[in-house]
Structure formats: C-alpha cells, structure tokens
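Next comes target.csv, with CSV, C-alpha atoms.
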chain,number,residue,atom,x,y,z
A,1,MET,CA,0.0,0.0,0.0
A,2,ASN,CA,1.3,3.5,-0.9
A,3,LYS,CA,1.0,6.6,1.2
A,4,THR,CA,1.6,10.2,0.2
A,5,ILE,CA,3.5,12.3,2.8
A,6,LEU,CA,4.8,15.8,3.2
A,7,LEU,CA,8.5,16.2,3.0
A,8,ASP,CA,8.4,17.4,6.6
A,9,ASP,CA,7.1,13.9,7.6
A,10,PHE,CA,10.1,12.3,5.9
A,11,GLU,CA,12.0,9.7,8.0
A,12,GLU,CA,15.2,8.0,7.2
A,13,GLY,CA,14.7,4.4,5.9
A,14,MET,CA,11.4,5.1,4.2
A,15,GLU,CA,11.1,3.6,0.7
A,16,LEU,CA,9.8,5.4,-2.4
A,17,ALA,CA,6.8,3.6,-3.9
A,18,VAL,CA,7.0,5.4,-7.3
A,19,PRO,CA,9.8,7.2,-9.1
A,20,LEU,CA,10.3,10.7,-8.0
A,21,LYS,CA,9.9,13.1,-10.9
A,22,ASN,CA,10.3,16.8,-11.4
A,23,LYS,CA,7.7,19.0,-13.0
A,24,PHE,CA,9.1,18.2,-16.4
A,25,GLY,CA,8.6,14.4,-15.9
A,26,GLN,CA,12.3,13.7,-15.5
A,27,VAL,CA,13.0,10.9,-13.0
A,28,LEU,CA,15.1,12.2,-10.2
A,29,LEU,CA,15.1,9.1,-8.0
A,30,GLY,CA,13.8,5.6,-8.9
A,31,ALA,CA,11.1,3.6,-7.1
A,32,ASN,CA,12.1,1.3,-4.2
A,33,VAL,CA,15.0,3.5,-3.1
A,34,LYS,CA,15.5,3.5,0.6
A,35,LEU,CA,15.6,7.2,1.6
A,36,GLU,CA,18.6,8.6,3.6
A,37,LYS,CA,19.0,11.7,5.6
A,38,LYS,CA,20.8,13.4,2.8
A,39,HIS,CA,17.8,13.1,0.5
A,40,LYS,CA,15.7,15.5,2.5
A,41,ASN,CA,17.9,18.5,1.7
A,42,LEU,CA,18.2,17.4,-1.9
A,43,PHE,CA,14.4,17.2,-2.3
A,44,ARG,CA,14.1,20.7,-0.9
A,45,THR,CA,16.6,21.9,-3.4
A,46,TRP,CA,14.6,20.2,-6.2
A,47,GLY,CA,11.4,21.8,-4.9
A,48,ILE,CA,9.8,18.5,-3.9
A,49,GLU,CA,7.1,18.9,-1.3
A,50,THR,CA,5.4,15.5,-1.2
A,51,LEU,CA,6.7,11.9,-1.5
A,52,VAL,CA,4.8,8.6,-2.2
A,53,ILE,CA,6.2,6.0,0.0
A,54,VAL,CA,5.6,2.3,0.7
A,55,SER,CA,3.5,2.0,3.7
A,56,ASP,CA,2.4,-1.1,5.7
A,57,ASP,CA,-0.6,0.6,7.3
A,58,GLU,CA,-2.9,-2.2,6.0
A,59,GLY,CA,-4.2,-2.6,9.6
A,60,GLU,CA,-6.1,0.6,9.5
A,61,GLU,CA,-9.8,0.3,10.0
A,62,PRO,CA,-12.1,1.1,7.1
A,63,ILE,CA,-13.5,4.6,7.0
A,64,ASP,CA,-17.3,5.0,7.6
A,65,GLU,CA,-19.1,6.1,4.4
A,66,SER,CA,-20.9,8.9,6.1
A,67,LEU,CA,-17.6,10.2,7.5
A,68,MET,CA,-16.1,10.0,4.0
A,69,ALA,CA,-19.1,11.9,2.5
A,70,GLU,CA,-18.7,14.6,5.1
A,71,ALA,CA,-15.0,15.0,4.4
A,72,GLU,CA,-15.7,15.2,0.6
A,73,THR,CA,-18.3,17.9,1.2
A,74,ILE,CA,-15.8,19.9,3.4
A,75,LEU,CA,-13.1,19.5,0.8
A,76,ALA,CA,-15.4,20.5,-2.1
A,77,LYS,CA,-16.1,23.8,-0.3
A,78,LYS,CA,-12.4,24.6,-0.2
A,79,ILE,CA,-11.2,23.4,-3.6
A,80,TYR,CA,-12.8,24.6,-6.8
A,81,TRP,CA,-10.7,22.7,-9.4
A,82,THR,CA,-10.4,19.2,-10.7
A,83,PRO,CA,-7.0,17.5,-10.4
A,84,LYS,CA,-5.3,17.1,-13.8
A,85,ASN,CA,-2.2,15.1,-12.9
A,86,LYS,CA,-0.8,12.8,-10.2
A,87,PHE,CA,0.6,15.6,-8.2
A,88,GLU,CA,-2.8,17.3,-7.9
A,89,GLU,CA,-4.4,14.0,-7.1
A,90,ASN,CA,-1.9,13.6,-4.3
A,91,LEU,CA,-2.8,17.1,-3.0
A,92,ILE,CA,-6.5,16.2,-3.0
A,93,GLN,CA,-5.7,12.9,-1.2
A,94,MET,CA,-3.6,14.8,1.4
A,95,GLY,CA,-6.5,17.2,2.0
A,96,MET,CA,-8.9,14.3,2.4
A,97,ASP,CA,-6.6,12.6,4.9
A,98,ASN,CA,-6.2,15.8,6.9
A,99,ILE,CA,-9.9,16.4,7.1
A,100,LEU,CA,-10.6,12.7,8.0
A,101,ASP,CA,-8.0,12.9,10.8
A,102,LYS,CA,-9.8,15.9,12.2
A,103,LEU,CA,-13.3,14.3,12.0
A,104,ARG,CA,-12.3,11.1,13.7
Could you write out this file's structure as structure tokens?
Amino acid sequence: MNKTILLDDFEEGMELAVPLKNKFGQVLLGANVKLEKKHKNLFRTWGIETLVIVSDDEGEEPIDESLMAEAETILAKKIYWTPKNKFEENLIQMGMDNILDKLR
C-alpha cells in the first residue's frame, strides 16, 4: 500500500513507492529506493514537497461512508478545481486525509 506524505514527515529508511519526478517528468530518483537523511535537503533543493512511500498501514480500520461523504463535502467547499495530474491528485488525497483525521 502506498502513502503520500509531506516532505516534513520524511523519515530515514522510508522507501519510495513510485519514481520521484520533477515538473518536467524527468526521473530524479527511482522507485524502491531507501531514503537517507541526505535526500531531504536534496528534495528541498529540487522543490519536492510530497513523497509517495511504501506503507504497511494495512491494519487501518475502514472509513465509515458517512464520514467519507462529510470529508468530501468539506473539501469541495475549499477546492474549486479538478485534479489534472498525479501531483494534484496527491494534493487532493492529502486534503482528504487531513480532514478525516480531524473528523475522527
């Protein structure tokens, strides 16, 4: 299972789930790379703000449908655009995760 995190939540030893690309689609770092402390500063230099990492959070309980609907309603009031690429989809997902954390 993959998880999108903010660069500030980076921890040494995490593993990239997908290749890390810049805004031009160039691969900066391949998938399955174990992240080291030095990568954090490098990512900041490249302007990377989010990472998709391998996560073993399979034990999480499923989200109640009514709670999910409430989170979608809250997010829809704050975001007036439709995601057009993976980075924007990740932003939407991070917003949903943030709202769901607050609602639980």
Pairwise distance for atom CA of A:Thr45 and atom CA of A:Val27, rounded to one decimal in Å: 15.0 Å
Residue among A:Glu65, A:Glu12, A:Glu88, A:Asp101 lying closest to A:Thr50, counting all atoms listed in the file: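 Ranked by minimum distance to A:Thr50, first place goes to A:Glu88.
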Contacts of A:Met68 at 10 Å (all atoms listed in the file; same-chain gap of 3+ positions) as a ChimeraX atom specification: /A:63-65,71-74,96-97,99-100,103
Keeping C-alpha atoms, export the residues of the selection given above as a PDB file, in the frame of the given file.
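Contents of part.pdb, freshly written:
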ATOM      1  CA  ILE A  63     -13.500   4.600   7.000  1.00  0.00           C
ATOM      2  CA  ASP A  64     -17.300   5.000   7.600  1.00  0.00           C
ATOM      3  CA  GLU A  65     -19.100   6.100   4.400  1.00  0.00           C
ATOM      4  CA  ALA A  71     -15.000  15.000   4.400  1.00  0.00           C
ATOM      5  CA  GLU A  72     -15.700  15.200   0.600  1.00  0.00           C
ATOM      6  CA  THR A  73     -18.300  17.900   1.200  1.00  0.00           C
ATOM      7  CA  ILE A  74     -15.800  19.900   3.400  1.00  0.00           C
ATOM      8  CA  MET A  96      -8.900  14.300   2.400  1.00  0.00           C
ATOM      9  CA  ASP A  97      -6.600  12.600   4.900  1.00  0.00           C
ATOM     10  CA  ILE A  99      -9.900  16.400   7.100  1.00  0.00           C
ATOM     11  CA  LEU A 100     -10.600  12.700   8.000  1.00  0.00           C
ATOM     12  CA  LEU A 103     -13.300  14.300  12.000  1.00  0.00           C
TER      13      LEU A 103
END
Of the listed residues A:Gly25, A:Glu89, A:Ile79, A:Ile53, that which approaches A:Asp9 most closely, counting only C-alpha atoms: A:Ile53
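Contact shell of A:Leu91 at 12 Å (all atoms listed in the file; same-chain neighbours under 3 positions omitted): A:Lys3, A:Thr4, A:Ile5, A:Leu6, A:Glu49, A:Thr50, A:Leu51, A:Val52, A:Leu75, A:Ile79, A:Trp81, A:Thr82, A:Pro83, A:Lys84, A:Asn85, A:Lys86, A:Phe87, A:Glu88, A:Met94, A:Gly95, A:Met96, A:Asp97, A:Asn98.
You will find atom CA of A:Trp46 at 19.9 Å from atom CA of A:Gly13.
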Atom CA of A:Asn2 to atom CA of A:Ser55, straight-line distance in Å: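 It comes out at 5.3 Å.
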Residue nearest A:Asp56 among A:Leu7, A:Met1, A:Glu70, A:His39 (counting only C-alpha atoms):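 For A:Asp56, the nearest of the given residues is A:Met1.
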Pick from A:Lys38, A:Lys23, A:Lys77, A:Lys102, whichever lies nearest to A:Phe10 using all atoms listed in the file: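 Among A:Lys38, A:Lys23, A:Lys77, A:Lys102, it is A:Lys38 that comes nearest to A:Phe10.
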For A:Ile48, the nearest of the candidates A:Lys78, A:Leu35, A:Asp8, A:Gly30, counting only C-alpha atoms: A:Asp8
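Distance annotation: of A:Ala69, A:Leu20, A:Ala76, A:Val33, the residue with the minimal separation from A:Gly47 is A:Leu20; atom set is only C-alpha atoms.
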Dump stretch 8-50 of chain A with N, CA and C atoms to a file, as a short mmCIF file (atom, residue, chain, number, x, y, z; two decimals), in the first residue's frame.
data_model
loop_
_atom_site.label_atom_id
_atom_site.label_comp_id
_atom_site.auth_asym_id
_atom_site.auth_seq_id
_atom_site.Cartn_x
_atom_site.Cartn_y
_atom_site.Cartn_z
N ASP A 8 8.14 17.23 5.18
CA ASP A 8 8.42 17.43 6.61
C ASP A 8 8.21 16.15 7.43
N ASP A 9 7.40 15.20 6.90
CA ASP A 9 7.13 13.95 7.60
C ASP A 9 8.10 12.84 7.20
N PHE A 10 9.10 13.20 6.41
CA PHE A 10 10.12 12.28 5.92
C PHE A 10 10.88 11.67 7.09
N GLU A 11 11.13 10.36 7.00
CA GLU A 11 11.96 9.68 7.99
C GLU A 11 12.97 8.80 7.25
N GLU A 12 14.17 8.79 7.76
CA GLU A 12 15.21 7.96 7.16
C GLU A 12 14.76 6.51 7.16
N GLY A 13 15.04 5.80 6.06
CA GLY A 13 14.67 4.40 5.94
C GLY A 13 13.37 4.16 5.19
N MET A 14 12.59 5.22 4.95
CA MET A 14 11.37 5.06 4.16
C MET A 14 11.76 4.66 2.74
N GLU A 15 10.81 4.05 2.04
CA GLU A 15 11.09 3.57 0.68
C GLU A 15 10.13 4.24 -0.30
N LEU A 16 10.69 4.79 -1.39
CA LEU A 16 9.84 5.40 -2.42
C LEU A 16 8.99 4.33 -3.09
N ALA A 17 7.71 4.60 -3.24
CA ALA A 17 6.80 3.65 -3.88
C ALA A 17 6.78 3.83 -5.39
N VAL A 18 7.00 5.05 -5.83
CA VAL A 18 6.99 5.37 -7.26
C VAL A 18 8.22 6.23 -7.56
N PRO A 19 8.64 6.28 -8.81
CA PRO A 19 9.77 7.15 -9.12
C PRO A 19 9.45 8.62 -8.78
N LEU A 20 10.43 9.32 -8.28
CA LEU A 20 10.28 10.73 -7.95
C LEU A 20 10.64 11.54 -9.20
N LYS A 21 9.67 12.34 -9.68
CA LYS A 21 9.87 13.09 -10.92
C LYS A 21 9.75 14.58 -10.66
N ASN A 22 10.42 15.36 -11.49
CA ASN A 22 10.28 16.81 -11.39
C ASN A 22 9.08 17.24 -12.24
N LYS A 23 8.83 18.55 -12.29
CA LYS A 23 7.65 19.05 -13.00
C LYS A 23 7.74 18.83 -14.51
N PHE A 24 8.90 18.46 -15.01
CA PHE A 24 9.07 18.19 -16.43
C PHE A 24 8.97 16.69 -16.75
N GLY A 25 8.70 15.87 -15.72
CA GLY A 25 8.56 14.44 -15.90
C GLY A 25 9.86 13.67 -15.87
N GLN A 26 10.97 14.34 -15.57
CA GLN A 26 12.26 13.67 -15.50
C GLN A 26 12.37 12.91 -14.19
N VAL A 27 12.85 11.69 -14.24
CA VAL A 27 13.01 10.87 -13.04
C VAL A 27 14.23 11.36 -12.26
N LEU A 28 13.99 11.77 -11.02
CA LEU A 28 15.06 12.25 -10.16
C LEU A 28 15.61 11.12 -9.29
N LEU A 29 14.72 10.21 -8.89
CA LEU A 29 15.10 9.09 -8.04
C LEU A 29 14.13 7.95 -8.33
N GLY A 30 14.63 6.75 -8.51
CA GLY A 30 13.79 5.62 -8.87
C GLY A 30 12.95 5.09 -7.73
N ALA A 31 11.95 4.29 -8.08
CA ALA A 31 11.11 3.63 -7.09
C ALA A 31 11.93 2.62 -6.30
N ASN A 32 11.46 2.29 -5.13
CA ASN A 32 12.06 1.29 -4.25
C ASN A 32 13.40 1.70 -3.66
N VAL A 33 13.73 2.98 -3.74
CA VAL A 33 14.97 3.48 -3.15
C VAL A 33 14.72 3.75 -1.67
N LYS A 34 15.60 3.24 -0.83
CA LYS A 34 15.53 3.54 0.61
C LYS A 34 16.06 4.95 0.82
N LEU A 35 15.27 5.78 1.47
CA LEU A 35 15.64 7.18 1.65
C LEU A 35 16.61 7.37 2.81
N GLU A 36 17.57 8.24 2.59
CA GLU A 36 18.57 8.56 3.59
C GLU A 36 18.40 10.02 4.01
N LYS A 37 19.06 10.37 5.09
CA LYS A 37 18.98 11.72 5.64
C LYS A 37 19.36 12.77 4.59
N LYS A 38 20.36 12.48 3.78
CA LYS A 38 20.84 13.43 2.78
C LYS A 38 19.78 13.76 1.72
N HIS A 39 18.83 12.84 1.50
CA HIS A 39 17.81 13.06 0.48
C HIS A 39 16.89 14.24 0.82
N LYS A 40 16.65 14.47 2.10
CA LYS A 40 15.70 15.52 2.50
C LYS A 40 16.14 16.88 1.97
N ASN A 41 17.40 17.24 2.17
CA ASN A 41 17.90 18.52 1.67
C ASN A 41 17.90 18.56 0.16
N LEU A 42 18.22 17.44 -0.46
CA LEU A 42 18.22 17.36 -1.92
C LEU A 42 16.81 17.58 -2.46
N PHE A 43 15.81 16.97 -1.83
CA PHE A 43 14.42 17.15 -2.25
C PHE A 43 14.00 18.62 -2.12
N ARG A 44 14.42 19.25 -1.04
CA ARG A 44 14.09 20.68 -0.86
C ARG A 44 14.71 21.51 -1.99
N THR A 45 15.96 21.20 -2.34
CA THR A 45 16.63 21.91 -3.42
C THR A 45 15.87 21.73 -4.74
N TRP A 46 15.34 20.54 -4.97
CA TRP A 46 14.60 20.25 -6.19
C TRP A 46 13.17 20.80 -6.15
N GLY A 47 12.73 21.29 -4.99
CA GLY A 47 11.37 21.82 -4.88
C GLY A 47 10.31 20.74 -4.66
N ILE A 48 10.74 19.57 -4.20
CA ILE A 48 9.82 18.47 -3.94
C ILE A 48 9.15 18.71 -2.59
N GLU A 49 7.82 18.65 -2.55
CA GLU A 49 7.08 18.90 -1.31
C GLU A 49 6.39 17.66 -0.77
N THR A 50 6.10 16.68 -1.64
CA THR A 50 5.44 15.46 -1.22
C THR A 50 6.18 14.24 -1.78
#
